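Here's model_0.txt, which has compact mmCIF, C-alpha atoms:
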```txt
# COMPACT_ATOMS: atom_id res chain seq x y z
CA MET A 264 123.91 109.45 106.99
CA THR A 265 120.56 107.82 107.75
CA ASP A 266 118.66 109.47 110.58
CA ALA A 267 118.27 107.74 113.95
CA LEU A 268 114.55 107.04 113.53
CA SER A 269 114.98 105.40 110.12
CA ARG A 270 117.74 103.21 111.52
CA LEU A 271 115.49 102.07 114.36
CA LEU A 272 112.61 101.39 111.98
CA GLN A 273 114.90 99.16 109.91
CA SER A 274 115.75 97.00 112.91
CA ARG A 275 112.47 96.86 114.84
CA ASP A 276 108.88 95.95 113.98
CA TRP A 277 107.46 98.38 116.57
CA LEU A 278 108.71 101.43 118.41
CA MET A 279 107.22 103.11 121.45
CA ALA A 280 106.78 106.86 121.58
CA ASP A 281 106.10 108.91 124.70
CA GLY A 282 102.92 110.03 126.44
CA ALA A 283 101.39 113.34 127.43
CA THR A 284 103.34 116.57 127.78
CA GLY A 285 100.70 118.91 129.18
CA THR A 286 99.20 116.44 131.66
CA ASN A 287 102.59 115.64 133.12
CA LEU A 288 103.63 119.29 133.33
CA PHE A 289 100.38 120.24 135.06
CA ASN A 290 101.24 117.61 137.67
CA MET A 291 104.61 119.34 138.08
CA GLY A 292 102.97 122.70 138.76
CA LEU A 293 102.25 124.28 135.38
CA SER A 294 99.22 126.56 135.63
CA SER A 295 96.39 126.61 133.13
CA GLY A 296 96.99 129.35 130.56
CA ASP A 297 100.76 129.37 131.01
CA ALA A 298 103.03 128.59 128.05
CA PRO A 299 104.76 125.23 128.72
CA GLU A 300 107.59 126.26 126.40
CA LEU A 301 108.72 128.98 128.82
CA TRP A 302 109.60 126.19 131.26
CA ASN A 303 112.42 125.13 128.93
CA GLU A 304 114.27 128.17 130.24
CA ASP A 305 112.64 128.68 133.65
CA HIS A 306 112.48 125.05 134.85
CA PRO A 307 114.88 122.96 132.73
CA ASP A 308 115.19 120.27 135.40
CA ARG A 309 111.45 119.61 135.23
CA ILE A 310 111.60 119.30 131.46
CA ARG A 311 114.52 116.89 131.72
CA GLN A 312 112.47 114.86 134.20
CA LEU A 313 109.53 114.82 131.78
CA TYR A 314 111.78 113.40 129.07
CA LYS A 315 113.53 110.97 131.40
CA SER A 316 110.26 109.56 132.70
CA ALA A 317 109.35 108.50 129.17
CA VAL A 318 112.77 106.97 128.53
CA ASP A 319 112.68 105.12 131.86
CA ALA A 320 109.27 103.68 130.94
CA GLY A 321 110.72 102.25 127.73
CA SER A 322 110.01 104.90 125.09
CA ASP A 323 112.21 104.79 121.99
CA ILE A 324 111.03 108.27 120.95
CA PHE A 325 110.09 111.30 123.01
CA LEU A 326 108.76 114.65 121.88
CA THR A 327 110.31 117.94 122.93
CA ASN A 328 108.44 120.53 124.98
CA SER A 329 107.86 122.74 121.95
CA PHE A 330 104.31 121.94 120.80
CA GLY A 331 103.21 125.58 121.08
CA GLY A 332 106.67 126.94 120.38
CA ASN A 333 105.90 128.70 117.11
CA ALA A 334 105.71 132.48 116.84
CA SER A 335 101.96 132.51 116.27
CA ARG A 336 101.20 130.61 119.47
CA LEU A 337 103.89 132.34 121.57
CA LYS A 338 102.48 135.73 120.57
CA LEU A 339 99.66 135.02 123.03
CA HIS A 340 102.30 135.20 125.78
CA GLY A 341 104.33 138.08 124.35
CA ALA A 342 107.14 135.67 123.47
CA GLU A 343 106.84 135.46 119.68
CA LYS A 344 110.43 136.65 119.20
CA ARG A 345 111.70 133.73 121.30
CA ALA A 346 110.28 130.93 119.14
CA ARG A 347 113.61 129.78 117.73
CA ASP A 348 115.48 129.97 121.05
CA LEU A 349 112.81 128.21 123.11
CA SER A 350 112.59 125.43 120.55
CA ARG A 351 116.38 125.09 120.49
CA ILE A 352 116.51 124.79 124.29
CA SER A 353 113.75 122.16 124.29
CA ALA A 354 115.86 120.00 121.97
CA GLU A 355 119.11 120.63 123.86
CA LEU A 356 117.47 119.36 127.04
CA GLY A 357 116.25 116.36 125.09
CA ARG A 358 119.74 115.58 123.81
CA ASP A 359 121.00 115.54 127.42
CA ILE A 360 118.54 112.78 128.27
CA ALA A 361 118.76 110.78 125.04
CA ASP A 362 122.55 110.74 124.99
CA ALA A 363 122.63 109.43 128.57
CA ALA A 364 120.07 106.67 127.94
CA GLY A 365 122.55 103.92 127.07
CA ARG A 366 120.50 102.95 124.00
CA THR A 367 119.22 104.67 120.89
CA VAL A 368 116.49 107.13 121.83
CA VAL A 369 115.09 109.52 119.25
CA VAL A 370 114.61 113.19 120.14
CA ALA A 371 111.57 114.31 118.13
CA GLY A 372 111.13 118.05 117.82
CA SER A 373 107.44 118.68 118.47
CA VAL A 374 105.74 121.17 116.15
CA GLY A 375 102.08 121.92 116.79
CA PRO A 376 99.56 123.95 114.79
CA THR A 377 99.77 127.72 114.47
CA GLY A 378 96.29 128.18 115.88
CA GLU A 379 95.38 130.32 112.86
CA ILE A 380 92.87 129.69 110.06
CA PHE A 381 94.08 129.71 106.48
CA ALA A 382 92.84 132.20 103.92
CA PRO A 383 90.29 132.77 102.54
CA MET A 384 88.36 131.86 105.70
CA GLY A 385 91.12 133.26 107.89
CA GLN A 386 94.20 135.45 107.64
CA LEU A 387 97.01 132.88 107.46
CA THR A 388 98.73 132.52 104.09
CA HIS A 389 100.85 129.62 102.90
CA ALA A 390 103.99 131.75 102.76
CA VAL A 391 103.58 133.00 106.33
CA ALA A 392 102.85 129.48 107.61
CA VAL A 393 106.02 128.16 105.95
CA GLU A 394 108.01 130.98 107.54
CA ILE A 395 106.57 130.23 111.00
CA PHE A 396 107.29 126.51 110.76
CA HIS A 397 110.73 127.04 109.24
CA GLU A 398 111.81 129.27 112.12
CA GLN A 399 110.81 126.66 114.68
CA ALA A 400 112.35 123.83 112.66
CA GLU A 401 115.70 125.62 112.56
CA GLY A 402 115.64 126.07 116.33
CA LEU A 403 114.91 122.39 116.92
CA LYS A 404 117.64 121.43 114.46
CA GLU A 405 120.15 123.66 116.25
CA GLY A 406 119.24 122.03 119.54
CA GLY A 407 120.00 118.56 118.24
CA ALA A 408 116.59 117.06 117.46
CA ASP A 409 116.90 113.86 115.42
CA VAL A 410 113.61 114.41 113.57
CA LEU A 411 110.82 116.96 113.48
CA TRP A 412 107.39 115.80 114.66
CA LEU A 413 104.33 117.64 113.39
CA GLU A 414 101.25 116.82 115.48
CA THR A 415 97.59 117.59 116.15
CA ILE A 416 97.06 119.14 112.72
CA SER A 417 93.54 119.60 111.31
CA ALA A 418 94.01 121.50 108.04
CA PRO A 419 95.71 119.90 105.03
CA GLU A 420 97.06 123.34 104.08
CA GLU A 421 98.94 123.51 107.39
CA TYR A 422 100.34 120.00 106.97
CA LYS A 423 101.63 120.91 103.50
CA ALA A 424 103.15 124.19 104.70
CA ALA A 425 105.01 122.37 107.47
CA ALA A 426 106.32 119.78 105.01
CA GLU A 427 107.71 122.58 102.84
CA ALA A 428 109.28 124.29 105.86
CA PHE A 429 110.93 121.07 107.01
CA ALA A 430 112.44 120.63 103.54
CA LEU A 431 113.93 124.12 103.84
CA ALA A 432 115.43 123.08 107.18
CA ASP A 433 116.72 119.85 105.57
CA MET A 434 115.30 117.75 108.40
CA PRO A 435 113.53 114.36 108.34
CA TRP A 436 110.07 114.46 109.85
CA CYS A 437 106.94 112.67 110.95
CA GLY A 438 103.45 114.11 110.96
CA THR A 439 100.12 113.28 112.59
CA MET A 440 96.66 114.77 112.34
CA SER A 441 93.91 114.76 114.96
CA PHE A 442 90.69 113.02 113.92
CA ASP A 443 88.20 114.35 116.43
CA THR A 444 85.02 115.13 114.49
CA ALA A 445 83.10 111.97 113.55
CA GLY A 446 86.29 110.31 112.33
CA ARG A 447 87.49 113.40 110.48
CA THR A 448 89.79 116.25 111.42
CA MET A 449 88.16 119.53 112.40
CA MET A 450 88.69 120.65 108.81
CA GLY A 451 87.03 117.54 107.40
CA VAL A 452 89.99 115.35 106.41
CA THR A 453 89.37 111.58 106.52
CA SER A 454 91.99 108.90 107.07
CA ALA A 455 91.83 107.99 103.37
CA GLN A 456 92.32 111.60 102.33
CA MET A 457 95.32 111.95 104.63
CA VAL A 458 97.05 108.95 103.05
CA ASP A 459 96.45 110.42 99.60
CA MET A 460 97.84 113.80 100.71
CA VAL A 461 100.93 112.31 102.37
CA GLU A 462 101.87 110.21 99.38
CA LYS A 463 101.65 113.21 97.03
CA LEU A 464 103.90 115.50 99.09
CA PRO A 465 107.22 116.49 97.48
CA ASN A 466 108.80 115.98 100.91
CA PRO A 467 106.82 113.14 102.53
CA PRO A 468 107.26 112.19 106.19
CA ILE A 469 109.16 109.13 107.39
CA ALA A 470 105.98 108.07 109.19
CA PHE A 471 102.49 109.51 109.52
CA GLY A 472 99.37 108.86 111.53
CA ALA A 473 96.96 110.11 114.15
CA ASN A 474 97.26 111.59 117.61
CA CYS A 475 94.93 112.91 120.29
CA GLY A 476 91.34 113.03 119.00
CA VAL A 477 88.46 111.58 121.00
CA GLY A 478 89.58 108.27 122.47
CA ALA A 479 91.64 105.17 121.85
CA SER A 480 88.84 103.31 120.03
CA ASP A 481 88.30 106.11 117.53
CA LEU A 482 92.02 106.44 116.91
CA LEU A 483 92.40 102.74 116.14
CA ARG A 484 89.51 102.92 113.69
CA THR A 485 91.45 105.69 111.97
CA VAL A 486 94.57 103.48 111.90
CA LEU A 487 92.53 100.77 110.19
CA GLY A 488 91.45 103.45 107.71
CA PHE A 489 95.09 104.22 106.91
CA VAL A 490 95.89 100.54 106.45
CA ALA A 491 92.92 100.05 104.13
CA GLN A 492 94.55 102.46 101.66
CA GLY A 493 97.47 100.08 101.19
CA THR A 494 100.15 102.47 102.41
CA GLU A 495 103.58 101.00 103.09
CA ARG A 496 104.74 104.03 105.08
CA PRO A 497 105.06 103.42 108.86
CA ILE A 498 101.92 104.45 110.73
CA ILE A 499 101.87 106.35 114.04
CA ALA A 500 99.20 105.80 116.71
CA LYS A 501 99.29 108.20 119.65
CA GLY A 502 95.94 107.96 121.43
CA ASN A 503 94.59 109.60 124.55
CA ALA A 504 94.43 107.67 127.81
CA GLY A 505 90.70 107.18 127.81
CA ILE A 506 88.10 109.93 127.92
CA PRO A 507 88.48 113.21 129.83
CA LYS A 508 86.20 113.63 132.85
CA TYR A 509 85.81 116.72 135.02
CA HIS A 510 86.42 115.70 138.62
CA ASP A 511 87.19 117.78 141.72
CA GLY A 512 88.06 120.88 139.73
CA HIS A 513 90.36 119.29 137.16
CA ILE A 514 90.29 117.16 134.04
CA HIS A 515 91.08 113.49 134.58
CA TYR A 516 91.50 110.88 131.86
CA ASP A 517 89.84 107.61 132.80
CA GLY A 518 92.11 105.23 130.90
CA THR A 519 93.92 102.79 133.18
CA PRO A 520 97.41 101.40 132.52
CA GLU A 521 95.71 98.08 131.74
CA LEU A 522 93.47 99.68 129.14
CA MET A 523 96.40 101.47 127.53
CA ALA A 524 98.32 98.19 127.41
CA ASP A 525 95.41 96.66 125.48
CA TYR A 526 95.32 99.73 123.22
CA ALA A 527 99.04 99.46 122.46
CA VAL A 528 98.80 95.82 121.40
CA LEU A 529 95.67 96.46 119.35
CA ALA A 530 97.42 99.42 117.67
CA ARG A 531 100.37 97.22 116.74
CA ASP A 532 98.11 94.46 115.44
CA ALA A 533 96.01 97.00 113.52
CA GLY A 534 99.09 98.06 111.58
CA ALA A 535 100.77 100.85 113.56
CA THR A 536 104.56 100.74 113.86
CA ILE A 537 105.11 103.72 116.20
CA ILE A 538 102.83 103.56 119.23
CA GLY A 539 102.52 106.05 122.04
CA GLY A 540 100.01 107.99 124.07
CA CYS A 541 98.71 111.53 124.04
CA CYS A 542 96.60 113.46 126.58
CA GLY A 543 96.43 111.82 129.99
CA THR A 544 99.16 109.24 129.25
CA MET A 545 101.47 109.07 132.26
CA PRO A 546 104.67 107.07 132.90
CA ASP A 547 102.72 104.19 134.48
CA HIS A 548 100.63 103.95 131.33
CA LEU A 549 103.79 103.87 129.21
CA ALA A 550 105.38 101.17 131.35
CA ALA A 551 102.30 98.97 130.96
CA MET A 552 102.24 99.61 127.22
CA HIS A 553 105.90 98.69 126.86
CA GLU A 554 105.44 95.49 128.87
CA ALA A 555 102.47 94.46 126.73
CA LEU A 556 104.21 95.21 123.44
CA SER A 557 107.29 93.31 124.58
CA THR A 558 105.52 90.20 125.87
CA ARG A 559 102.23 89.70 124.05
CA PRO A 560 102.46 87.88 120.72
CA ARG A 561 101.40 89.63 117.57
CA GLY A 562 97.83 88.78 116.62
CA PRO A 563 95.56 89.19 113.61
CA ARG A 564 94.29 92.61 112.62
CA PRO A 565 91.48 93.45 115.06
CA THR A 566 87.92 93.99 113.93
CA LEU A 567 85.94 97.06 114.89
CA GLU A 568 83.96 94.93 117.31
CA GLN A 569 87.10 93.61 118.98
CA ILE A 570 88.33 97.19 119.43
CA THR A 571 85.10 98.37 121.03
CA ASN A 572 84.91 95.29 123.27
CA ALA A 573 88.38 96.02 124.60
CA LEU A 574 88.46 99.82 124.71
CA GLY A 575 84.85 101.04 124.60
CA GLY A 576 82.60 102.22 121.81
CA PHE A 577 83.25 104.80 119.15
CA SER A 578 82.10 108.39 119.58
CA SER A 579 80.42 108.36 116.16
CA ALA A 580 78.77 105.75 113.97
CA SER A 581 81.14 106.36 111.04
CA ASP A 582 84.69 107.55 110.41
CA GLY A 583 83.68 109.18 107.12
CA THR A 584 85.28 106.58 104.87
CA GLY A 585 82.49 104.03 104.58
CA ALA A 586 79.71 102.20 106.36
CA ASP A 587 80.78 101.22 109.86
CA SER A 588 78.84 98.59 111.73
CA ALA A 589 80.46 98.66 115.17
CA PRO A 590 78.51 100.42 117.92
CA ALA A 591 78.97 103.98 119.03
CA ARG A 592 80.04 104.90 122.53
CA ARG A 593 78.92 102.52 125.25
CA PRO A 594 80.16 101.84 128.77
CA ARG A 595 83.78 100.78 128.76
CA ARG A 596 84.74 97.41 130.15
CA ARG A 597 86.48 97.97 133.47
CA LYS A 598 89.47 96.01 134.70
CA GLY A 599 90.59 95.38 138.22
```

Transcribe the structure of this file into structure tokens.
Amino acid sequence: MTDALSRLLQSRDWLMADGATGTNLFNMGLSSGDAPELWNEDHPDRIRQLYKSAVDAGSDIFLTNSFGGNASRLKLHGAEKRARDLSRISAELGRDIADAAGRTVVVAGSVGPTGEIFAPMGQLTHAVAVEIFHEQAEGLKEGGADVLWLETISAPEEYKAAAEAFALADMPWCGTMSFDTAGRTMMGVTSAQMVDMVEKLPNPPIAFGANCGVGASDLLRTVLGFVAQGTERPIIAKGNAGIPKYHDGHIHYDGTPELMADYAVLARDAGATIIGGCCGTMPDHLAAMHEALSTRPRGPRPTLEQITNALGGFSSASDGTGADSAPARRPRRRKG
């Protein structure tokens, strides 16, 4: 039987994903340094509300509260033996919300990086990484996730290990990397290199793309980099709501709902099929994005200059794949 995400992709020319997990949970009372995944058991009603807020804003896909739910990350909180259970619970809570939505909503089991460096520079081996990801994948599968959703990955070795683990779990998946270092991932991967890697995987994702990173402009430049490789696989764009600023003792993202609405339409026109937000993206941002995607006509593929005019300049002169001519960061156009 075809998975729920593939069925949606066959019937729609764009899908909307969700927004931030951490930012929303901090607003609900999560303290810095705490493991969000422990809230799946301690505060299930708040996690259900997180999921429901995305669905109510129009999201077709939402990610489970399991980003740091692997044994390597949970070890920092003395909870490494609970990786499978906490991931399962995150998906079970998601099924409650998706099944009550009255429309098809995809529960995507979030899988974040291990936080470890691969050998020979670090201690993590391929076999151990596969084992870590497989354990979490099985928990998410048991909880009823429709697909697995690898995100914020920097190292190609980690992406490949997760793909192997997801094959062992016999689960469809999507996978994004974070391009936050002059258009490359922290480990130096460019958008062109990611496309090449994805297409060579024995178990390729349903869709792939970019999340988080520096800002919406940079992320859309990366999307254009994916498109330039001629890939026919659906592309994911999940950008941050503007740029983080330190204000009154906390981090605030300066992207307005209006700016994120512009970003969503530009992402669609640039070639992304699955469009959502990452850090700082709140329900009001998602509602504005959904309205814009639903009402604004599809336009031509935007130029780099059109992206910077709408969303602000890039953080670097180049994305590592060629000579870019659009300006680096400059003051963002303000609305309202």

What are the closest atom pairs, with distances in Å to one decimal, for each residue of segment 395-415 of chain A lying within 10 Å of segment 333-344 of chain A, using only C-alpha atoms, rows by chain and rising residue number, as a tab-separated table?
```
residue	atom	partner	partner_atom	distance
A:Ile395	CA	A:Ala334	CA	6.3
A:Phe396	CA	A:Asn333	CA	6.9
A:His397	CA	A:Asn333	CA	9.4
A:Glu398	CA	A:Asn333	CA	7.8
A:Gln399	CA	A:Asn333	CA	5.8
A:Ala400	CA	A:Asn333	CA	9.2
```

Save out the residues we just selected, C-alpha atoms, as a PDB file, in the frame of the given file.
```pdb
ATOM      1  CA  ILE A 395     106.570 130.230 111.000  1.00  0.00           C
ATOM      2  CA  PHE A 396     107.290 126.510 110.760  1.00  0.00           C
ATOM      3  CA  HIS A 397     110.730 127.040 109.240  1.00  0.00           C
ATOM      4  CA  GLU A 398     111.810 129.270 112.120  1.00  0.00           C
ATOM      5  CA  GLN A 399     110.810 126.660 114.680  1.00  0.00           C
ATOM      6  CA  ALA A 400     112.350 123.830 112.660  1.00  0.00           C
TER       7      ALA A 400
END
```

Give me, as CSV, the closest atom pair and its distance (Å, one decimal) for every residue of segment 443-498 of chain A within a cut-off of 12 Å of segment 418-432 of chain A, counting all atoms listed in the file, rows sorted by chain and rising number.
```
residue,atom,partner,partner_atom,distance
A:Arg447,CA,A:Ala418,CA,10.7
A:Thr448,CA,A:Ala418,CA,7.5
A:Met449,CA,A:Ala418,CA,7.6
A:Met450,CA,A:Ala418,CA,5.4
A:Gly451,CA,A:Ala418,CA,8.1
A:Val452,CA,A:Pro419,CA,7.4
A:Thr453,CA,A:Pro419,CA,10.6
A:Ser454,CA,A:Pro419,CA,11.8
A:Gln456,CA,A:Pro419,CA,9.4
A:Met457,CA,A:Pro419,CA,8.0
A:Val458,CA,A:Pro419,CA,11.2
A:Asp459,CA,A:Pro419,CA,11.0
A:Met460,CA,A:Pro419,CA,7.8
A:Val461,CA,A:Lys423,CA,8.7
A:Glu462,CA,A:Lys423,CA,11.5
A:Lys463,CA,A:Lys423,CA,10.1
A:Leu464,CA,A:Lys423,CA,7.3
A:Pro465,CA,A:Glu427,CA,8.1
A:Asn466,CA,A:Ala426,CA,6.1
A:Pro467,CA,A:Ala426,CA,7.1
A:Pro468,CA,A:Ala426,CA,7.7
A:Ile469,CA,A:Ala426,CA,11.3
A:Phe471,CA,A:Tyr422,CA,11.0
```

Next on the checklist: Let me make sure I understand: among A:Ser269, A:Thr444, A:Thr367, A:Thr388, which one has the smallest atom-to-atom distance to Val318 of chain A if we use all atoms listed in the file?
Outcome noted: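 Of all the options, A:Thr367 lies closest to Val318 of chain A.
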
Separating atom CA of Leu271 of chain A from atom CA of Pro546 of chain A, to the nearest tenth of an Å, is a gap of 22.0 Å

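Using only C-alpha atoms, the contacts of segment 370-372 of chain A at a cut-off of 7 Å, with sequence neighbours closer than 6 positions omitted, comprise Ile324, Phe325, Leu326, Thr327, Ala354, Gly357, Arg358, Ala361, Leu403, Ala408, Asp409, Val410, Leu411 and Trp412 of chain A.
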
Nearest to Ala555 of chain A, restricted to only C-alpha atoms and choosing among A:Ala535, A:Met523, A:Leu268, A:Cys541, comes out as A:Met523

What does the distance from atom CA of Ile499 of chain A to atom CA of Thr519 of chain A come to in Å, to one decimal?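 Taking atom CA of Ile499 of chain A and atom CA of Thr519 of chain A, their separation equals 21.0 Å.
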
Could you check which of A:Arg496, A:His548, A:Lys501, A:Arg564 is closest to Ala479 of chain A, using all atoms listed in the file?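 Looking only at the distances to Ala479 of chain A, the closest residue turns out to be A:Lys501.
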
Exercise for the section: Take atom CA of Thr284 of chain A and atom CA of Arg270 of chain A and report the distance between them in Å, one decimal. Expected result: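 Separating atom CA of Thr284 of chain A from atom CA of Arg270 of chain A is a distance of 25.5 Å.
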
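The shortest atom-to-atom distance to Glu300 of chain A, with all atoms listed in the file taken into account, belongs to A:Ser353 out of A:Ser581, A:Ser353, A:Gln273, A:Gln312.
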
Counting all atoms listed in the file, which residues have an atom no more than 12 Å from (84.3, 105.4, 116.9) in the file's coordinates? Please list them as an mmCIF file with C-alpha atoms, keeping the file's coordinate frame.
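Generated output (point.cif):
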```cif
data_model
loop_
_atom_site.group_PDB
_atom_site.id
_atom_site.type_symbol
_atom_site.label_atom_id
_atom_site.label_comp_id
_atom_site.auth_asym_id
_atom_site.auth_seq_id
_atom_site.Cartn_x
_atom_site.Cartn_y
_atom_site.Cartn_z
ATOM 1 C CA PHE A 442 90.690 113.020 113.920
ATOM 2 C CA ASP A 443 88.200 114.350 116.430
ATOM 3 C CA THR A 444 85.020 115.130 114.490
ATOM 4 C CA ALA A 445 83.100 111.970 113.550
ATOM 5 C CA GLY A 446 86.290 110.310 112.330
ATOM 6 C CA ARG A 447 87.490 113.400 110.480
ATOM 7 C CA GLY A 476 91.340 113.030 119.000
ATOM 8 C CA VAL A 477 88.460 111.580 121.000
ATOM 9 C CA GLY A 478 89.580 108.270 122.470
ATOM 10 C CA ALA A 479 91.640 105.170 121.850
ATOM 11 C CA SER A 480 88.840 103.310 120.030
ATOM 12 C CA ASP A 481 88.300 106.110 117.530
ATOM 13 C CA LEU A 482 92.020 106.440 116.910
ATOM 14 C CA LEU A 483 92.400 102.740 116.140
ATOM 15 C CA ARG A 484 89.510 102.920 113.690
ATOM 16 C CA THR A 485 91.450 105.690 111.970
ATOM 17 C CA VAL A 486 94.570 103.480 111.900
ATOM 18 C CA LEU A 487 92.530 100.770 110.190
ATOM 19 C CA GLY A 488 91.450 103.450 107.710
ATOM 20 C CA LEU A 567 85.940 97.060 114.890
ATOM 21 C CA GLU A 568 83.960 94.930 117.310
ATOM 22 C CA ILE A 570 88.330 97.190 119.430
ATOM 23 C CA THR A 571 85.100 98.370 121.030
ATOM 24 C CA ASN A 572 84.910 95.290 123.270
ATOM 25 C CA LEU A 574 88.460 99.820 124.710
ATOM 26 C CA GLY A 575 84.850 101.040 124.600
ATOM 27 C CA GLY A 576 82.600 102.220 121.810
ATOM 28 C CA PHE A 577 83.250 104.800 119.150
ATOM 29 C CA SER A 578 82.100 108.390 119.580
ATOM 30 C CA SER A 579 80.420 108.360 116.160
ATOM 31 C CA ALA A 580 78.770 105.750 113.970
ATOM 32 C CA SER A 581 81.140 106.360 111.040
ATOM 33 C CA ASP A 582 84.690 107.550 110.410
ATOM 34 C CA GLY A 583 83.680 109.180 107.120
ATOM 35 C CA ALA A 586 79.710 102.200 106.360
ATOM 36 C CA ASP A 587 80.780 101.220 109.860
ATOM 37 C CA SER A 588 78.840 98.590 111.730
ATOM 38 C CA ALA A 589 80.460 98.660 115.170
ATOM 39 C CA PRO A 590 78.510 100.420 117.920
ATOM 40 C CA ALA A 591 78.970 103.980 119.030
ATOM 41 C CA ARG A 592 80.040 104.900 122.530
ATOM 42 C CA ARG A 593 78.920 102.520 125.250
#
```

task = Using all atoms listed in the file, give me every residue within 9 Å of (105.4, 120.2, 128.5) in file coordinates, as a list in words.
result =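 The residues that fall inside the cut-off are Ala283, Thr284, Gly285, Thr286, Asn287, Leu288, Phe289, Leu293, Ala298, Pro299, Glu300, Trp302, Asn303, Ile310, Leu313, Thr327, Asn328, Ser329 and Phe330 of chain A.
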
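When only C-alpha atoms are used to compute distances to Gly365 of chain A, the closest of the residues A:Glu521, A:Glu405, A:Asp323, A:Asp308 turns out to be A:Asp323.
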
Which of these, A:Ser373, A:Lys404, A:Gly332, A:Leu413, has the shortest distance to Asp433 of chain A once you count all atoms listed in the file?
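Of all the options, A:Lys404 lies closest to Asp433 of chain A.
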
- Query: If you count all atoms listed in the file, which residues fall within 12 Å of Pro560 of chain A, apart from same-chain ones fewer than 2 positions away, as a ChimeraX atom specification?
  - Reply: /A:528-529,531-532,554-558,562-563

Convert the current residue selection to file output with C-alpha atoms, as a compact mmCIF listing (two decimals), in the frame of the given file.
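Output (again.txt):
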```
# COMPACT_ATOMS: atom_id res chain seq x y z
CA VAL A 528 98.80 95.82 121.40
CA LEU A 529 95.67 96.46 119.35
CA ARG A 531 100.37 97.22 116.74
CA ASP A 532 98.11 94.46 115.44
CA GLU A 554 105.44 95.49 128.87
CA ALA A 555 102.47 94.46 126.73
CA LEU A 556 104.21 95.21 123.44
CA SER A 557 107.29 93.31 124.58
CA THR A 558 105.52 90.20 125.87
CA GLY A 562 97.83 88.78 116.62
CA PRO A 563 95.56 89.19 113.61
```

Starting from the block above, write segment 287-298 of chain A out to a file with N, CA, C and O atoms, as a PDB file, in the first residue's frame, please.
```pdb
ATOM      1  N   ASN A 287       8.165  26.782  19.910  1.00  0.00           N
ATOM      2  CA  ASN A 287       6.813  26.648  20.457  1.00  0.00           C
ATOM      3  C   ASN A 287       6.825  26.039  21.853  1.00  0.00           C
ATOM      4  O   ASN A 287       6.082  26.478  22.741  1.00  0.00           O
ATOM      5  N   LEU A 288       7.674  25.035  22.062  1.00  0.00           N
ATOM      6  CA  LEU A 288       7.719  24.397  23.383  1.00  0.00           C
ATOM      7  C   LEU A 288       8.308  25.331  24.435  1.00  0.00           C
ATOM      8  O   LEU A 288       7.882  25.309  25.595  1.00  0.00           O
ATOM      9  N   PHE A 289       9.276  26.148  24.050  1.00  0.00           N
ATOM     10  CA  PHE A 289       9.799  27.131  25.003  1.00  0.00           C
ATOM     11  C   PHE A 289       8.687  28.082  25.437  1.00  0.00           C
ATOM     12  O   PHE A 289       8.597  28.476  26.601  1.00  0.00           O
ATOM     13  N   ASN A 290       7.820  28.442  24.514  1.00  0.00           N
ATOM     14  CA  ASN A 290       6.686  29.312  24.856  1.00  0.00           C
ATOM     15  C   ASN A 290       5.688  28.614  25.766  1.00  0.00           C
ATOM     16  O   ASN A 290       4.898  29.268  26.444  1.00  0.00           O
ATOM     17  N   MET A 291       5.713  27.270  25.771  1.00  0.00           N
ATOM     18  CA  MET A 291       4.825  26.505  26.650  1.00  0.00           C
ATOM     19  C   MET A 291       5.458  26.217  28.013  1.00  0.00           C
ATOM     20  O   MET A 291       4.819  25.604  28.867  1.00  0.00           O
ATOM     21  N   GLY A 292       6.724  26.622  28.180  1.00  0.00           N
ATOM     22  CA  GLY A 292       7.360  26.446  29.480  1.00  0.00           C
ATOM     23  C   GLY A 292       8.587  25.566  29.508  1.00  0.00           C
ATOM     24  O   GLY A 292       9.171  25.362  30.581  1.00  0.00           O
ATOM     25  N   LEU A 293       9.012  25.021  28.371  1.00  0.00           N
ATOM     26  CA  LEU A 293      10.223  24.214  28.354  1.00  0.00           C
ATOM     27  C   LEU A 293      11.422  25.083  28.720  1.00  0.00           C
ATOM     28  O   LEU A 293      11.565  26.200  28.225  1.00  0.00           O
ATOM     29  N   SER A 294      12.279  24.579  29.564  1.00  0.00           N
ATOM     30  CA  SER A 294      13.462  25.320  29.991  1.00  0.00           C
ATOM     31  C   SER A 294      14.660  24.962  29.119  1.00  0.00           C
ATOM     32  O   SER A 294      14.791  23.826  28.651  1.00  0.00           O
ATOM     33  N   SER A 295      15.534  25.942  28.921  1.00  0.00           N
ATOM     34  CA  SER A 295      16.743  25.711  28.155  1.00  0.00           C
ATOM     35  C   SER A 295      17.571  24.603  28.814  1.00  0.00           C
ATOM     36  O   SER A 295      17.779  24.599  30.026  1.00  0.00           O
ATOM     37  N   GLY A 296      18.031  23.655  28.011  1.00  0.00           N
ATOM     38  CA  GLY A 296      18.810  22.539  28.528  1.00  0.00           C
ATOM     39  C   GLY A 296      17.998  21.301  28.817  1.00  0.00           C
ATOM     40  O   GLY A 296      18.559  20.211  28.983  1.00  0.00           O
ATOM     41  N   ASP A 297      16.672  21.445  28.899  1.00  0.00           N
ATOM     42  CA  ASP A 297      15.810  20.284  29.115  1.00  0.00           C
ATOM     43  C   ASP A 297      15.620  19.516  27.808  1.00  0.00           C
ATOM     44  O   ASP A 297      15.684  20.093  26.718  1.00  0.00           O
ATOM     45  N   ALA A 298      15.363  18.225  27.906  1.00  0.00           N
ATOM     46  CA  ALA A 298      15.105  17.401  26.725  1.00  0.00           C
ATOM     47  C   ALA A 298      13.630  17.509  26.354  1.00  0.00           C
ATOM     48  O   ALA A 298      12.764  17.062  27.119  1.00  0.00           O
TER      49      ALA A 298
END
```
